[in-house]
Every structure is written in C-alpha cells, then in structure tokens.
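Please read the structure below before turning to the comments.
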Amino acid sequence: MDALIASLPILMVVVAMLVFGLPAKIALPIGWLATLIVALGYWGQDTLTAAAWAAGGFLESLSTLAIVFGAILVMNTLKHSGAVAAIQRGFNGINPDRRVQAVIVSYAFGAFIEGAAGFGSPAALAAPLLISLGFPPLCAAIVALLCNSVPVCFGAVGTPTLMAASLTGADVSVLSRYTAIGNSAASFMVVAAMLFLLCRMFGPNRRGRDAVAALPYALFVAATFDVFYLILAFFFGPEFPSLVGAIPTMVLAIVFARKGWLCPKEPWDFERREAWEKSWLSSVPVKADAQVRMNQLLAWLPYLLIALILVAARLNWFGLKGLLTSSACTFRIDHIFGCEAVGWKWNWGWNPGVLPFAFVCMLTFALHRMPWTKVGEVCVDTVRQVRGAAIAIAFGVSMVYLYRNTGVNAALTAKSMVYVMAESLADLFSTTYLAVAPFIGVLGAFMSGSNTVSNMLFAPLQYETAALVKLSPIVVLALQNIGGAAGNMICVNNVVSVCATTGVAGNEGRIIRINLLPCLVYCVIVVLVLGFLA
C-alpha cells in the first residue's frame, strides 16, 4: 500500500504527459505538488523539513539550468551571427552520395552538436542542414532523430550523466565508462538502421539492400567515433566523449568522403524532386538562418574555443582547475530553513554553462561583429526556449529531493518514498530487472522529452532497486542512462521540434512508429552487453 501511494505522483506525471498530452513544464509541477502532499499528508514528514528539501532541490536545479541556458545561447548566437549558414555551406561538395552525406551530417556532426548543446539541438540543426544538401524534409527529420541517440548521455557536456550521478551518489567516472560501453556497442546498429531506412523509404528503388554499399564507410565512421568516445569516457569523464570525440571523427569522415575511401563506387541519389511523395515535403515555409559572408575557421571558432577551454580546465592546464573550483568561484547556503541536513553548494566557476558557454558567447558577439540588435534577439530567443525547460527541471529536481528524503522526520517510516517504491519493484522484477531497466529510461525520455529529465525522475529509483535485487547499481544506472538516450529518437518533444523545424508537422506519429523498432533493438543490445559485464 505504501509503495502504491508513493508512486502516485510519478503516475500522475506519466498520465498527464501520455494521456492528456501536457508538456513537462506543466506535468512536473503537478507531480511536485502531489509529492509534497503525500510527504506531508501520508508520510507525515515535518513541514519545515519538507520545505527545506524542496527548496534545496530548486537550488540544485540551477546548475543544470545554467548549462541548458548556456548551450542554447551558443546555438542561437551562431544562428543569428551567420555561422550556422557558413557551416552548412562548408558541407557542400564533400561527396555526392546521399548515404555518405547522411552519415557525416546526422551521425558525426549531430554527435558534435549533441556534445556541445544537447536538449534537442542536434536534430533541429542537422535536419535543416540535410535539407539544404537536397534531402526530402521528412527523410532529414527521421535520420537526424535516429542518429541522435549514441551521443546523448554525454550531451551538453555530460549533463544527463552528471545528473544521474549527482542524484544517486554514484561514481560518475565509473558510470561514464559503463554508459560508453553500452552506447558504443549499439552505434553500429544505429548507422546501419539509418542507412536501411534511408534507402528503403526514400530511395528511387525502395530497396533496403541499397544501403549495403555504404556500410563500410558508415561502420568506419561509427568505429572511429567509438574509439575516441570510449577513451574520453574512460579517462576524462562525461564532459568530453561526445563533444571532443566528434571532432576527429568529423575530420576523418570528411577526409575519407572527399577521397572516396570506403565509399560506394556509384553515387546514390534520390529521385528527382517532382517524383517525391507529398508527405515528404515541407508544408510550411521554414525560417532560414542568417546569411553573411564568413569563412569556415571563423564559423567554427566558437566551438573550437569551447572544446579548448573545457580541456584546459579539466586537465588543469595553467592551474585553471584549482582556481575554478576554489571558494571564490562557489556559492554556498548551509542549514536551509534551519535544517542541518539540508544545504546547497554551487561551484559556478566549474559549471560549463558559465565557462565556457556564456564566456565564449560574449567573445563571439565581438568576433562575429554582431550588432546589438542581433545580440538582443539572441538573448530573447534563448530565454523563450529555455523557459519551459527551466520550469520542468526546477520542479523535477525538487520533486526528486522530496522523494529521496521523505524518511527524514517522518511519522510513517524512516524509509524514503523512493526506497519503498524500489522494494516493490524488486519484488515484482526480482529475476528480470536487468532487462527492464533501459525501458524505464526510454519511458522517461519519451514522456519528458529529455534524457536529463528521465534520469531526474527514475535514476534514484533504479539505483535503489538494483541494490535490492542484488544487481550492480552502477550497471543498472548505466542502463537507465542509455535507455533515456535511446528514447531520444522517439520522444515527443524532439519529434515535434524537428517536425516544426523541417516543416513536416503532422508526421509526428509516423516518425515515432518508424524509429520505435531501432529504439527497442538498441535497448536489447545494451542489455546483452552490460548484462554480460554485470
């Protein structure tokens, strides 16, 4: 009975999103309020203690929100300065084969954008780039979403993985390693599935076997990314695998494509535009990015600066790590509302949203000679885009804090709500939980639109349940993390966003159905791989 009552707030969030179609910014505040009512009314937690933990959760969310804001600020800065359009022009003429172009843009470039920004940015940027290269808009949306999976756990400089570790107390370096192993194993399936769908659905002959000729090149790119991805995850933590790993991958992918190495001998293309199905086309005009004269070095410079500053800080070049993690770069609040156990510390100097994202944006305003009107547009657009995510993340983190700490000063039991739920799940899935774990992550991403929010909702629950069923908590947490990444290719928010960006609104259900099978296969692969290791 206690477990059922404890699960009601999460069930309310699920129903609000899946049944009533409410966005996370509305559903999570509802869930937060329900959690507070259960904590006070059923668990009998002391009012002041509950308020302190709720406030601590709101404060803790600021770290993630700073990263989200900074990442989106970078994206908007480059769109308004004309850098994105310049980068698009740079991809023209690399290789005429559409299969090769899809691998470079949706997989390699998409991984880089995910590492830098996350939160739906890769599909929203890679899909328009594919359209500018001559892809049908619906095709661009599908392949961009499908490839936005492997790099997601380390997106926005590691935000989903850092969130999972911070909410569970797990060792973030170990979590990064298991996560990278699982994702890298599934990467080959992702590029193969992307090519198969491309040829089967949009090719002139509608034949999946047309993908075979491009497989050597695609598998080479996936393997190249995996090598850097694994090295960075094993030795440098969650900030670098997607962002930094994608840079040499893109370079090698472009060099091989230009030289024709491992590429198909006969270029493959779509039918002429007049023969395309109506459903493939944009139904509304799509707003173009700013167009200015800008060379490739200047366009890519902000990204290069971001990568360089991150590496310099994390590897402690010039003593940066000591400076940025010092008390001078830290905000701290102790004993919130007089509760000794509740406090908050934010090391803003170490937060990627501040340094390098916000710092590089200020440099870019000058380097790209952006007028103040454009700078104003960037800030307004960023606030508008982040507003919904800010509400969802703030209430989500606060809700998790309440869930984890309801046993403190409670009349019912010293066990928290999340622990009681974990006990129930352990009884229900005692022998099969390893196979269930990634699908919980998929559900979280599908309904919330974010791997970060999926981890926020379910990582503590999965971690506790794993310990109770005597599985490795870190492996189960990695499966949750990976499941959220796989769910990214079908999550409602991302699908709606990319459909709006490409002008194919109305195809959301179709895209989810198409990408659902690769998502499920992805989860099966990681269960087999990490299950073997566990």
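Naming scheme: A, B, ... for chains in displayed order of the structure tokens; residues 1 onward per chain; ligands 1 onward as shown.
Residues surrounding His368 of chain A within 10 Å are Thr77, Leu78, His80, Ser81, Gly82, Ala83, Val292, Met294, Leu298, Ala299, Leu301 and Pro302 of chain A [only C-alpha atoms; sequence separation below 6 positions excluded].
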_Can you tell me which residues surround Leu468 of chain A at a distance of at most 10 Å, considering only C-alpha atoms, apart from same-chain residues fewer than 2 positions away, and format the answer as a ChimeraX atom specification?_
/A:419,422-427,430,462-466,470-473
Each residue of segment 346-462 of chain A lying at most 8 Å from segment 16-26 of chain A should get a row with its shortest atom-to-atom pair and the distance in Å to one decimal, counting only C-alpha atoms; could you produce that, ordered by chain and increasing number, as a Markdown table?
```
| residue | atom | partner | partner_atom | distance |
| --- | --- | --- | --- | --- |
| A:Gly388 | CA | A:Lys25 | CA | 5.4 |
| A:Ala389 | CA | A:Lys25 | CA | 6.6 |
| A:Ala390 | CA | A:Lys25 | CA | 7.9 |
| A:Ile391 | CA | A:Lys25 | CA | 5.3 |
| A:Ala392 | CA | A:Lys25 | CA | 4.3 |
| A:Met447 | CA | A:Met17 | CA | 5.8 |
| A:Ser448 | CA | A:Ala24 | CA | 5.5 |
| A:Gly449 | CA | A:Ala24 | CA | 7.8 |
```
Just the selected residues (all heavy atoms), exported as a PDB file, in the first residue's frame, please.
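The result, stored in out_6.pdb:
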```
ATOM      1  N   GLY A 388      10.484  26.928 -20.714  1.00  0.00           N
ATOM      2  CA  GLY A 388       9.772  25.682 -20.432  1.00  0.00           C
ATOM      3  C   GLY A 388      10.660  24.652 -19.768  1.00  0.00           C
ATOM      4  O   GLY A 388      10.263  23.997 -18.796  1.00  0.00           O
ATOM      5  N   ALA A 389      11.901  24.518 -20.278  1.00  0.00           N
ATOM      6  CA  ALA A 389      12.839  23.560 -19.686  1.00  0.00           C
ATOM      7  C   ALA A 389      13.190  23.951 -18.253  1.00  0.00           C
ATOM      8  O   ALA A 389      13.362  23.082 -17.393  1.00  0.00           O
ATOM      9  CB  ALA A 389      14.099  23.481 -20.537  1.00  0.00           C
ATOM     10  N   ALA A 390      13.282  25.248 -17.989  1.00  0.00           N
ATOM     11  CA  ALA A 390      13.634  25.715 -16.650  1.00  0.00           C
ATOM     12  C   ALA A 390      12.572  25.308 -15.639  1.00  0.00           C
ATOM     13  O   ALA A 390      12.883  24.829 -14.537  1.00  0.00           O
ATOM     14  CB  ALA A 390      13.795  27.235 -16.657  1.00  0.00           C
ATOM     15  N   ILE A 391      11.310  25.468 -16.001  1.00  0.00           N
ATOM     16  CA  ILE A 391      10.221  25.090 -15.094  1.00  0.00           C
ATOM     17  C   ILE A 391      10.248  23.581 -14.848  1.00  0.00           C
ATOM     18  O   ILE A 391      10.159  23.113 -13.710  1.00  0.00           O
ATOM     19  CB  ILE A 391       8.866  25.519 -15.691  1.00  0.00           C
ATOM     20  CG1 ILE A 391       8.785  27.045 -15.764  1.00  0.00           C
ATOM     21  CG2 ILE A 391       7.712  24.963 -14.859  1.00  0.00           C
ATOM     22  CD1 ILE A 391       7.583  27.557 -16.546  1.00  0.00           C
ATOM     23  N   ALA A 392      10.394  22.813 -15.937  1.00  0.00           N
ATOM     24  CA  ALA A 392      10.391  21.347 -15.816  1.00  0.00           C
ATOM     25  C   ALA A 392      11.549  20.853 -14.956  1.00  0.00           C
ATOM     26  O   ALA A 392      11.365  20.014 -14.061  1.00  0.00           O
ATOM     27  CB  ALA A 392      10.450  20.714 -17.206  1.00  0.00           C
ATOM     28  N   MET A 447       8.278  10.474 -22.439  1.00  0.00           N
ATOM     29  CA  MET A 447       7.219  11.324 -21.897  1.00  0.00           C
ATOM     30  C   MET A 447       7.725  12.715 -21.512  1.00  0.00           C
ATOM     31  O   MET A 447       6.951  13.678 -21.511  1.00  0.00           O
ATOM     32  CB  MET A 447       6.562  10.657 -20.685  1.00  0.00           C
ATOM     33  CG  MET A 447       7.412  10.579 -19.452  1.00  0.00           C
ATOM     34  SD  MET A 447       6.554   9.689 -18.136  1.00  0.00           S
ATOM     35  CE  MET A 447       7.570  10.139 -16.723  1.00  0.00           C
ATOM     36  N   SER A 448       9.022  12.838 -21.219  1.00  0.00           N
ATOM     37  CA  SER A 448       9.529  14.145 -20.769  1.00  0.00           C
ATOM     38  C   SER A 448      10.261  14.908 -21.859  1.00  0.00           C
ATOM     39  O   SER A 448      10.412  16.123 -21.775  1.00  0.00           O
ATOM     40  CB  SER A 448      10.482  13.949 -19.582  1.00  0.00           C
ATOM     41  OG  SER A 448      11.691  13.336 -19.999  1.00  0.00           O
ATOM     42  N   GLY A 449      10.763  14.176 -22.887  1.00  0.00           N
ATOM     43  CA  GLY A 449      11.476  14.848 -23.969  1.00  0.00           C
ATOM     44  C   GLY A 449      12.941  15.061 -23.698  1.00  0.00           C
ATOM     45  O   GLY A 449      13.611  15.777 -24.428  1.00  0.00           O
TER      46      GLY A 449
END
```
Would you mind listing what lies within 8 Å of Ile393 of chain A as an MDAnalysis selection string, with only C-alpha atoms counted and same-chain residues fewer than 5 positions away left out? chainID A and resid 61 64:65 453
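With atom CA of Leu252 of chain A on one side and atom CA of Phe234 of chain A on the other, the separation reads 21.9 Å.
For Thr159 of chain A, the non-local neighbours within 9 Å, defined as residues at least 5 positions apart in the same chain or in other chains and counting only C-alpha atoms, are Thr64, Ile67, Val68, Gly118, Cys153, Phe154, Ala164, Pro238, Glu239 and Thr452 of chain A.
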Pick out the residues sitting within 8 Å of Ile30 of chain A, and hand them over as number ranges by chain; count only C-alpha atoms, and ignore anything fewer than 5 positions along from it in its own chain. A: 9, 12-13
May I have the residues within 12 Å of segment 259-269 of chain A as a count of residues only, using only C-alpha atoms and disregarding those fewer than 6 positions away in the same chain?
37
Where in segment 245-286 of chain A does DSSP assign helix (DSSP H, G or I), given as a ChimeraX atom specification?
/A:246-259,273-275,278-280
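Between Ala467 of chain A and the residues A:Asn76, A:Thr168, A:Ser121, A:Asn455, the shortest atom-to-atom distance, using only C-alpha atoms, involves A:Thr168.
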Given only C-alpha atoms, how would the per-residue table for segment 352-404 of chain A near segment 306-325 of chain A read, listing every residue at most 12 Å away with its closest atom pair and distance in Å to one decimal, sorted by chain and number, as CSV?
```
residue,atom,partner,partner_atom,distance
A:Pro352,CA,A:Leu310,CA,7.7
A:Gly353,CA,A:Ile306,CA,10.6
A:Val354,CA,A:Leu324,CA,10.9
A:Leu355,CA,A:Ile309,CA,7.8
A:Pro356,CA,A:Ile306,CA,5.5
A:Phe357,CA,A:Ile306,CA,6.7
A:Ala358,CA,A:Ile306,CA,9.9
A:Phe359,CA,A:Ile306,CA,9.1
A:Val360,CA,A:Ile306,CA,6.8
A:Cys361,CA,A:Ile306,CA,9.6
A:Leu363,CA,A:Ile306,CA,11.0
A:Thr364,CA,A:Ile306,CA,11.1
```
If you count only C-alpha atoms, which residues fall within 10 Å of Phe240 of chain A, apart from same-chain ones fewer than 3 positions away, as a PDB file with N, CA and C atoms, in the first residue's frame?
```pdb
ATOM      1  N   GLY A 115      27.050  16.988 -28.118  1.00  0.00           N
ATOM      2  CA  GLY A 115      28.043  17.202 -27.084  1.00  0.00           C
ATOM      3  C   GLY A 115      28.126  18.637 -26.621  1.00  0.00           C
ATOM      4  N   ALA A 116      27.906  19.559 -27.547  1.00  0.00           N
ATOM      5  CA  ALA A 116      28.003  20.979 -27.211  1.00  0.00           C
ATOM      6  C   ALA A 116      26.727  21.526 -26.601  1.00  0.00           C
ATOM      7  N   PHE A 154      26.159  11.910 -23.029  1.00  0.00           N
ATOM      8  CA  PHE A 154      27.222  12.877 -22.763  1.00  0.00           C
ATOM      9  C   PHE A 154      26.922  14.211 -23.456  1.00  0.00           C
ATOM     10  N   GLY A 155      25.643  14.442 -23.738  1.00  0.00           N
ATOM     11  CA  GLY A 155      25.239  15.687 -24.384  1.00  0.00           C
ATOM     12  C   GLY A 155      25.310  16.864 -23.434  1.00  0.00           C
ATOM     13  N   ALA A 156      25.396  18.066 -24.034  1.00  0.00           N
ATOM     14  CA  ALA A 156      25.527  19.296 -23.236  1.00  0.00           C
ATOM     15  C   ALA A 156      26.611  19.108 -22.179  1.00  0.00           C
ATOM     16  N   VAL A 157      27.785  18.699 -22.667  1.00  0.00           N
ATOM     17  CA  VAL A 157      28.967  18.402 -21.843  1.00  0.00           C
ATOM     18  C   VAL A 157      28.639  17.518 -20.645  1.00  0.00           C
ATOM     19  N   GLY A 158      27.902  16.441 -20.906  1.00  0.00           N
ATOM     20  CA  GLY A 158      27.697  15.398 -19.900  1.00  0.00           C
ATOM     21  C   GLY A 158      26.541  15.591 -18.953  1.00  0.00           C
ATOM     22  N   PHE A 228      37.349   7.138 -29.937  1.00  0.00           N
ATOM     23  CA  PHE A 228      37.551   8.386 -29.181  1.00  0.00           C
ATOM     24  C   PHE A 228      36.556   8.484 -28.023  1.00  0.00           C
ATOM     25  N   TYR A 229      35.336   8.075 -28.269  1.00  0.00           N
ATOM     26  CA  TYR A 229      34.252   8.108 -27.281  1.00  0.00           C
ATOM     27  C   TYR A 229      34.628   7.303 -26.040  1.00  0.00           C
ATOM     28  N   ILE A 231      37.721   6.168 -25.137  1.00  0.00           N
ATOM     29  CA  ILE A 231      38.943   6.691 -24.495  1.00  0.00           C
ATOM     30  C   ILE A 231      38.606   7.879 -23.604  1.00  0.00           C
ATOM     31  N   LEU A 232      37.821   8.806 -24.148  1.00  0.00           N
ATOM     32  CA  LEU A 232      37.473  10.011 -23.390  1.00  0.00           C
ATOM     33  C   LEU A 232      36.602   9.679 -22.190  1.00  0.00           C
ATOM     34  N   ALA A 233      35.655   8.747 -22.360  1.00  0.00           N
ATOM     35  CA  ALA A 233      34.791   8.375 -21.240  1.00  0.00           C
ATOM     36  C   ALA A 233      35.574   7.659 -20.144  1.00  0.00           C
ATOM     37  N   PHE A 235      38.864   7.894 -19.427  1.00  0.00           N
ATOM     38  CA  PHE A 235      39.965   8.617 -18.782  1.00  0.00           C
ATOM     39  C   PHE A 235      39.658  10.067 -18.409  1.00  0.00           C
ATOM     40  N   PHE A 236      38.573  10.650 -18.976  1.00  0.00           N
ATOM     41  CA  PHE A 236      38.346  12.071 -18.723  1.00  0.00           C
ATOM     42  C   PHE A 236      36.942  12.404 -18.234  1.00  0.00           C
ATOM     43  N   GLY A 237      36.067  11.428 -18.105  1.00  0.00           N
ATOM     44  CA  GLY A 237      34.750  11.699 -17.544  1.00  0.00           C
ATOM     45  C   GLY A 237      33.696  12.038 -18.578  1.00  0.00           C
ATOM     46  N   LEU A 243      31.359  15.673 -27.318  1.00  0.00           N
ATOM     47  CA  LEU A 243      31.844  16.951 -27.843  1.00  0.00           C
ATOM     48  C   LEU A 243      33.220  16.821 -28.487  1.00  0.00           C
ATOM     49  N   VAL A 244      34.181  16.324 -27.735  1.00  0.00           N
ATOM     50  CA  VAL A 244      35.550  16.240 -28.235  1.00  0.00           C
ATOM     51  C   VAL A 244      35.722  15.028 -29.149  1.00  0.00           C
ATOM     52  N   GLY A 245      35.065  13.917 -28.830  1.00  0.00           N
ATOM     53  CA  GLY A 245      35.189  12.726 -29.658  1.00  0.00           C
ATOM     54  C   GLY A 245      34.678  12.911 -31.068  1.00  0.00           C
ATOM     55  N   ALA A 246      33.692  13.788 -31.228  1.00  0.00           N
ATOM     56  CA  ALA A 246      33.125  14.017 -32.564  1.00  0.00           C
ATOM     57  C   ALA A 246      34.041  14.825 -33.464  1.00  0.00           C
ATOM     58  N   ALA A 307      35.676  23.698 -26.815  1.00  0.00           N
ATOM     59  CA  ALA A 307      36.404  22.446 -26.587  1.00  0.00           C
ATOM     60  C   ALA A 307      37.740  22.705 -25.904  1.00  0.00           C
ATOM     61  N   LEU A 310      37.287  23.750 -22.174  1.00  0.00           N
ATOM     62  CA  LEU A 310      36.885  22.603 -21.365  1.00  0.00           C
ATOM     63  C   LEU A 310      38.077  21.693 -21.072  1.00  0.00           C
ATOM     64  N   VAL A 311      38.854  21.404 -22.116  1.00  0.00           N
ATOM     65  CA  VAL A 311      40.013  20.528 -21.938  1.00  0.00           C
ATOM     66  C   VAL A 311      41.035  21.182 -21.008  1.00  0.00           C
ATOM     67  N   ARG A 314      39.616  20.975 -17.356  1.00  0.00           N
ATOM     68  CA  ARG A 314      39.521  19.637 -16.776  1.00  0.00           C
ATOM     69  C   ARG A 314      40.885  18.977 -16.619  1.00  0.00           C
TER      70      ARG A 314
END
```
Of A:Val174, A:Ala34, A:Leu461, A:Leu443, the one nearest to Val420 of chain A when counting only C-alpha atoms is A:Leu461
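Across the structure, atom CA of Leu305 of chain A and atom CA of Leu230 of chain A are spaced 22.7 Å apart.
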Separating atom CA of Lys415 of chain A from atom CA of Glu60 of chain A, to the nearest tenth of an Å, is a gap of 22.5 Å
Nearest to Leu48 of chain A, restricted to only C-alpha atoms and choosing among A:Ile113, A:Leu297, A:Val150, A:Ala410, comes out as A:Ala410
Can you list, as a PyMOL selection string, all residues belonging to segment 247-393 of chain A that DSSP tags as strand (DSSP E or B)? chain A and resi 331-333+344-346
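With only C-alpha atoms as the atoms that count, the minimum distance from Leu129 of chain A to the choices A:Ala108, A:Ile474, A:Leu145, A:Val84 is reached by A:Val84.
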